[in-house]
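Enquirer: Here you go, my_file-v2.cif (mmCIF, C-alpha atoms):
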```cif
data_run
#
loop_
_atom_site.group_PDB
_atom_site.id
_atom_site.type_symbol
_atom_site.label_atom_id
_atom_site.label_comp_id
_atom_site.auth_asym_id
_atom_site.auth_seq_id
_atom_site.Cartn_x
_atom_site.Cartn_y
_atom_site.Cartn_z
ATOM 1 C CA MET A 1 109.376 101.002 119.731
ATOM 2 C CA PHE A 2 109.267 104.405 118.031
ATOM 3 C CA ALA A 3 110.752 106.669 120.723
ATOM 4 C CA SER A 4 114.213 106.780 119.132
ATOM 5 C CA LEU A 5 112.966 107.967 115.734
ATOM 6 C CA PRO A 6 113.943 111.515 114.769
ATOM 7 C CA GLU A 7 111.434 114.317 115.015
ATOM 8 C CA ILE A 8 110.257 116.531 112.168
ATOM 9 C CA GLU A 9 109.662 120.193 112.826
ATOM 10 C CA CYS A 10 105.987 121.018 112.595
ATOM 11 C CA PRO A 11 105.285 123.185 109.530
ATOM 12 C CA LEU A 12 104.068 126.675 110.410
ATOM 13 C CA LEU A 13 100.769 126.193 108.593
ATOM 14 C CA LEU A 14 100.007 122.979 110.504
ATOM 15 C CA ALA A 15 100.966 124.619 113.796
ATOM 16 C CA GLU A 16 98.534 127.457 113.088
ATOM 17 C CA VAL A 17 95.749 125.068 112.047
ATOM 18 C CA LEU A 18 96.242 122.993 115.198
ATOM 19 C CA ARG A 19 96.328 126.111 117.422
ATOM 20 C CA GLU A 20 92.890 127.033 116.103
ATOM 21 C CA SER A 21 91.313 123.623 115.631
ATOM 22 C CA VAL A 22 92.433 121.548 118.638
ATOM 23 C CA PRO A 23 90.473 123.621 121.200
ATOM 24 C CA LEU A 24 87.429 123.589 118.924
ATOM 25 C CA ALA A 25 87.625 119.821 118.364
ATOM 26 C CA LEU A 26 88.070 119.166 122.068
ATOM 27 C CA ALA A 27 85.141 121.427 122.965
ATOM 28 C CA THR A 28 82.929 119.698 120.395
ATOM 29 C CA ASN A 29 84.263 116.369 121.692
ATOM 30 C CA THR A 30 83.082 114.097 118.900
ATOM 31 C CA GLU A 31 85.111 111.610 116.894
ATOM 32 C CA LYS A 32 84.106 113.389 113.711
ATOM 33 C CA ALA A 33 85.371 116.758 114.990
ATOM 34 C CA ARG A 34 88.664 115.241 116.142
ATOM 35 C CA SER A 35 89.045 113.393 112.851
ATOM 36 C CA GLU A 36 88.382 116.434 110.672
ATOM 37 C CA MET A 37 90.017 119.141 112.760
ATOM 38 C CA ILE A 38 93.091 117.383 114.166
ATOM 39 C CA ILE A 39 93.877 114.076 112.458
ATOM 40 C CA ALA A 40 93.215 115.036 108.822
ATOM 41 C CA PRO A 41 95.391 118.190 108.911
ATOM 42 C CA ILE A 42 98.282 116.167 110.390
ATOM 43 C CA LEU A 43 97.984 113.517 107.683
ATOM 44 C CA ILE A 44 97.750 116.134 104.939
ATOM 45 C CA ALA A 45 100.901 117.786 106.313
ATOM 46 C CA ILE A 46 102.745 114.434 106.213
ATOM 47 C CA ARG A 47 101.604 113.916 102.629
ATOM 48 C CA LYS A 48 102.971 117.340 101.701
ATOM 49 C CA TYR A 49 106.216 116.681 103.618
ATOM 50 C CA LEU A 50 106.679 113.481 101.578
ATOM 51 C CA ASN A 51 106.218 115.416 98.322
ATOM 52 C CA ASN A 52 102.758 113.939 97.709
ATOM 53 C CA GLN A 53 104.265 110.470 97.152
ATOM 54 C CA ILE A 54 101.574 108.898 99.332
ATOM 55 C CA SER A 55 97.810 108.993 99.097
ATOM 56 C CA LEU A 56 95.276 109.460 101.827
ATOM 57 C CA PHE A 57 91.829 107.893 101.887
ATOM 58 C CA SER A 58 89.206 108.828 104.447
ATOM 59 C CA GLY A 59 86.105 106.852 105.367
ATOM 60 C CA ILE A 60 86.287 104.417 102.455
ATOM 61 C CA ASP A 61 84.913 100.891 102.419
ATOM 62 C CA PHE A 62 87.677 98.391 103.044
ATOM 63 C CA SER A 63 85.811 95.099 102.839
ATOM 64 C CA VAL A 64 88.639 92.659 102.172
ATOM 65 C CA ASP A 65 87.175 89.386 103.458
ATOM 66 C CA ILE A 66 83.646 89.365 104.837
ATOM 67 C CA ALA A 67 83.923 85.724 105.938
ATOM 68 C CA LEU A 68 86.848 86.658 108.193
ATOM 69 C CA GLY A 69 85.062 89.758 109.481
ATOM 70 C CA LEU A 70 87.515 92.022 107.670
ATOM 71 C CA ASN A 71 84.965 94.424 106.301
ATOM 72 C CA GLY A 72 83.726 97.921 106.925
ATOM 73 C CA ASN A 73 84.891 101.482 106.603
ATOM 74 C CA CYS A 74 88.325 102.669 107.700
ATOM 75 C CA ASP A 75 88.670 106.112 109.140
ATOM 76 C CA PHE A 76 91.936 106.723 107.275
ATOM 77 C CA ILE A 77 94.134 104.621 105.031
ATOM 78 C CA ILE A 78 97.471 105.839 103.788
ATOM 79 C CA SER A 79 98.808 104.182 100.661
ATOM 80 C CA ARG A 80 102.415 104.272 99.542
ATOM 81 C CA SER A 81 101.194 105.191 96.066
ATOM 82 C CA PRO A 82 100.693 108.798 94.951
ATOM 83 C CA GLU A 83 97.561 107.571 93.103
ATOM 84 C CA LEU A 84 94.592 109.461 94.525
ATOM 85 C CA LEU A 85 91.712 107.716 92.793
ATOM 86 C CA ILE A 86 92.474 104.047 93.418
ATOM 87 C CA LEU A 87 93.560 102.472 96.678
ATOM 88 C CA ASN A 88 96.927 100.733 96.324
ATOM 89 C CA ALA A 89 98.646 98.716 99.067
ATOM 90 C CA PRO A 90 97.839 100.476 102.334
ATOM 91 C CA VAL A 91 100.736 101.180 104.613
ATOM 92 C CA VAL A 92 99.183 102.805 107.693
ATOM 93 C CA THR A 93 95.629 102.405 108.900
ATOM 94 C CA ILE A 94 94.545 105.105 111.311
ATOM 95 C CA VAL A 95 91.572 104.738 113.615
ATOM 96 C CA GLU A 96 90.496 107.375 116.072
ATOM 97 C CA ALA A 97 89.812 105.850 119.460
ATOM 98 C CA LYS A 98 86.243 105.360 120.511
ATOM 99 C CA GLN A 99 85.077 107.531 123.380
ATOM 100 C CA GLU A 100 88.541 108.914 123.917
ATOM 101 C CA ASN A 101 89.811 105.451 124.854
ATOM 102 C CA ILE A 102 92.913 104.391 122.911
ATOM 103 C CA ASN A 103 92.771 100.800 124.179
ATOM 104 C CA ALA A 104 89.203 100.405 122.917
ATOM 105 C CA GLY A 105 90.417 101.116 119.375
ATOM 106 C CA LEU A 106 93.293 98.615 119.372
ATOM 107 C CA GLY A 107 91.224 95.610 118.252
ATOM 108 C CA GLN A 108 89.681 97.530 115.356
ATOM 109 C CA CYS A 109 93.097 98.778 114.295
ATOM 110 C CA VAL A 110 94.603 95.268 114.389
ATOM 111 C CA ALA A 111 91.694 93.952 112.280
ATOM 112 C CA GLU A 112 92.304 96.711 109.728
ATOM 113 C CA MET A 113 96.023 95.928 109.708
ATOM 114 C CA LEU A 114 95.238 92.255 109.010
ATOM 115 C CA ALA A 115 92.892 93.348 106.225
ATOM 116 C CA ALA A 116 95.666 95.565 104.805
ATOM 117 C CA LYS A 117 98.085 92.618 104.874
ATOM 118 C CA LEU A 118 95.590 90.414 103.035
ATOM 119 C CA PHE A 119 94.805 93.207 100.568
ATOM 120 C CA ASN A 120 98.517 93.689 99.865
ATOM 121 C CA GLU A 121 99.033 89.962 99.306
ATOM 122 C CA ARG A 122 96.093 89.765 96.901
ATOM 123 C CA GLU A 123 97.437 92.759 94.962
ATOM 124 C CA GLY A 124 100.880 91.163 94.722
ATOM 125 C CA ASN A 125 102.470 93.748 97.023
ATOM 126 C CA ASN A 126 104.924 91.976 99.272
ATOM 127 C CA ILE A 127 105.017 94.547 102.044
ATOM 128 C CA GLN A 128 106.530 92.895 105.103
ATOM 129 C CA THR A 129 105.363 95.367 107.740
ATOM 130 C CA ILE A 130 101.972 96.989 108.185
ATOM 131 C CA TYR A 131 101.672 99.879 110.603
ATOM 132 C CA GLY A 132 98.628 101.083 112.457
ATOM 133 C CA THR A 133 97.778 104.025 114.635
ATOM 134 C CA VAL A 134 95.034 104.499 117.154
ATOM 135 C CA THR A 135 94.450 108.128 117.976
ATOM 136 C CA THR A 136 92.063 110.464 119.676
ATOM 137 C CA GLY A 137 93.714 113.266 117.738
ATOM 138 C CA THR A 138 95.481 114.456 120.883
ATOM 139 C CA ASN A 139 96.903 111.048 121.904
ATOM 140 C CA TRP A 140 98.576 108.660 119.435
ATOM 141 C CA LYS A 141 99.571 105.002 119.847
ATOM 142 C CA PHE A 142 101.437 103.125 117.119
ATOM 143 C CA LEU A 143 101.316 99.445 116.186
ATOM 144 C CA LYS A 144 103.293 97.214 113.858
ATOM 145 C CA LEU A 145 102.265 93.935 112.201
ATOM 146 C CA ILE A 146 104.986 91.630 110.899
ATOM 147 C CA GLY A 147 103.715 88.251 109.705
ATOM 148 C CA GLN A 148 101.163 87.247 112.328
ATOM 149 C CA VAL A 149 102.759 89.181 115.194
ATOM 150 C CA VAL A 150 101.393 92.538 116.320
ATOM 151 C CA GLU A 151 103.641 94.805 118.342
ATOM 152 C CA ILE A 152 102.081 97.690 120.245
ATOM 153 C CA ASP A 153 104.249 100.597 121.330
ATOM 154 C CA LEU A 154 103.591 101.028 125.047
ATOM 155 C CA SER A 155 104.213 104.761 124.784
ATOM 156 C CA GLU A 156 101.527 107.231 123.856
ATOM 157 C CA TYR A 157 102.505 110.355 121.983
ATOM 158 C CA TYR A 158 100.661 113.594 122.632
ATOM 159 C CA ILE A 159 99.690 116.457 120.342
ATOM 160 C CA SER A 160 101.919 118.728 122.433
ATOM 161 C CA ASP A 161 104.798 116.699 120.923
ATOM 162 C CA ILE A 162 103.590 117.021 117.325
ATOM 163 C CA ASP A 163 107.192 116.971 116.045
ATOM 164 C CA LYS A 164 107.573 113.404 117.369
ATOM 165 C CA ILE A 165 104.246 112.278 115.859
ATOM 166 C CA LEU A 166 105.255 113.732 112.488
ATOM 167 C CA GLY A 167 108.652 112.029 112.755
ATOM 168 C CA ILE A 168 107.099 108.636 113.470
ATOM 169 C CA LEU A 169 104.576 108.921 110.638
ATOM 170 C CA SER A 170 107.260 110.039 108.203
ATOM 171 C CA ASN A 171 109.600 107.214 109.194
ATOM 172 C CA ILE A 172 106.870 104.609 108.902
ATOM 173 C CA LEU A 173 105.954 105.797 105.422
ATOM 174 C CA THR A 174 109.452 106.297 104.074
ATOM 175 C CA GLU A 175 110.510 102.872 105.405
ATOM 176 C CA GLU A 176 107.672 101.253 103.490
ATOM 177 C CA VAL A 177 108.398 103.266 100.347
ATOM 178 C CA PHE A 178 112.044 102.185 100.564
ATOM 179 C CA GLU A 179 111.061 98.506 101.022
ATOM 180 C CA TYR A 180 108.787 98.720 97.979
ATOM 181 C CA ALA A 181 111.455 100.423 95.840
ATOM 182 C CA CYS A 182 113.925 97.698 96.761
ATOM 183 C CA GLN A 183 111.434 94.985 95.807
ATOM 184 C CA VAL A 184 110.703 96.599 92.447
ATOM 185 C CA ASN A 185 114.353 97.417 91.701
ATOM 186 C CA ALA A 186 115.794 94.241 93.283
ATOM 187 C CA CYS A 187 118.039 96.169 95.710
#
```
Taking this structure as input, can you express it in the form of structure tokens?
Expert:
Amino acid sequence: MFASLPEIECPLLLAEVLRESVPLALATNTEKARSEMIIAPILIAIRKYLNNQISLFSGIDFSVDIALGLNGNCDFIISRSPELLILNAPVVTIVEAKQENINAGLGQCVAEMLAAKLFNEREGNNIQTIYGTVTTGTNWKFLKLIGQVVEIDLSEYYISDIDKILGILSNILTEEVFEYACQVNAC
């Protein structure tokens, strides 16, 4: 699903951070260590690459509909808005896999994607596609929600191919930004 997307060269600063932090996160082997030492630096690098036109939220409450079970904290939410203080229409919800098992995190990610879709609708943001990612920090799997259909990329992308991961994240975010700009400007 995402294999044909172009890669983005890993910035030198991110490469250095990952060289130092990946072994430490893997040795510590906790979700928190992987989240802070691997995932967050990658997401911050993508934000910088996109000229800070997106915002990144970590560990915030995202209780959209308690009756539907769409409540709780998200590990990371990326919004297409540069607004840092208020969450606007989430584009990508990122969940690190539980106990290093990507498949175990898929259900949680899909629930968060459904919550993002509902949140967007309530906010009047007609975003057609919601993307999700389940990651251990070293392994990444991408999902897409269009309407009520979830597509899961069968490929996993590994930290050793960080250029591909950065390319996928950038494409996902710029596609959504373009869709939003077209809706606002009636392209």
Enquirer: Just the number, please: distance in Å from CA of Gln148 (chain A) to CA of Ala116 (chain A), one decimal.
Expert: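 That distance, rounded to one decimal, is 12.5 Å.
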Enquirer: Would you compute the box with edges along x, y and z of the file around region 77-81 of chain A, including every atom the file lists for it and 8 Å extra on each side, and give its centre and edge lengths in Å to one decimal, as JSON?
Expert:
```
{"center_x": 98.3, "center_y": 105.0, "center_z": 100.5, "size_x": 24.3, "size_y": 17.7, "size_z": 25.0}
```
Enquirer: Please provide as a list in words all residues within 9 Å of Glu112 (chain A), with the sequence filter that same-chain residues fewer than 5 positions apart are discarded (counting only C-alpha atoms).
Expert: Phe62, Leu70, Asn71, Cys74, Thr93, Ile94, Val95, Gly107, Lys117 and Gly132 of chain A
Enquirer: Which one is closest to Ile168 (chain A): A:Leu43, A:Lys98, A:Glu83, A:Pro23? Count only C-alpha atoms.
Expert: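 Going through A:Leu43, A:Lys98, A:Glu83, A:Pro23 one by one, the smallest distance to Ile168 (chain A) is for A:Leu43.
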Enquirer: Neighbouring residues of Ile78 (chain A) were defined as those with any atom within 9 Å, considering all atoms listed in the file; residues of the same chain fewer than 3 positions away were excluded. Please report them as a VMD selection string.
Expert: chain A and resid 43 54 to 58 81 87 89 to 94 173
Enquirer: For the residues in that selection, give me C-alpha atoms as a PDB file, in the frame of the given file.
Expert:
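Done, and the output landed in part-v3.pdb:
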```pdb
ATOM      1  CA  LEU A  43      97.984 113.517 107.683  1.00  0.00           C
ATOM      2  CA  ILE A  54     101.574 108.898  99.332  1.00  0.00           C
ATOM      3  CA  SER A  55      97.810 108.993  99.097  1.00  0.00           C
ATOM      4  CA  LEU A  56      95.276 109.460 101.827  1.00  0.00           C
ATOM      5  CA  PHE A  57      91.829 107.893 101.887  1.00  0.00           C
ATOM      6  CA  SER A  58      89.206 108.828 104.447  1.00  0.00           C
ATOM      7  CA  SER A  81     101.194 105.191  96.066  1.00  0.00           C
ATOM      8  CA  LEU A  87      93.560 102.472  96.678  1.00  0.00           C
ATOM      9  CA  ALA A  89      98.646  98.716  99.067  1.00  0.00           C
ATOM     10  CA  PRO A  90      97.839 100.476 102.334  1.00  0.00           C
ATOM     11  CA  VAL A  91     100.736 101.180 104.613  1.00  0.00           C
ATOM     12  CA  VAL A  92      99.183 102.805 107.693  1.00  0.00           C
ATOM     13  CA  THR A  93      95.629 102.405 108.900  1.00  0.00           C
ATOM     14  CA  ILE A  94      94.545 105.105 111.311  1.00  0.00           C
ATOM     15  CA  LEU A 173     105.954 105.797 105.422  1.00  0.00           C
TER      16      LEU A 173
END
```
Enquirer: Give me the result of the PyMOL selection byres ((chain A and resi 143) around 7) on this file, residue by residue, as a list in words.
Expert: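 Taken on the displayed file, the PyMOL selection byres ((chain A and resi 143) around 7) yields the residues Tyr131, Gly132, Thr133, Lys141, Phe142, Lys144, Leu145, Val150, Glu151, Ile152 and Asp153 of chain A.
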Enquirer: Could you tell me which residues the PyMOL selection byres ((chain A and resi 61) around 7) returns for this structure, as a list in words?
Expert: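 With the PyMOL selection byres ((chain A and resi 61) around 7) on this model, the match is Gly59, Ile60, Phe62, Ser63, Gly72, Asn73 and Cys74 of chain A.
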Enquirer: Leaving out Ser160 (chain A) and any residue of its chain fewer than 3 positions from it, which residues lie within 12 Å of it when counting only C-alpha atoms, given as number ranges by chain?
Expert: A: 10, 15, 18-19, 22, 137-140, 156-157, 163-166
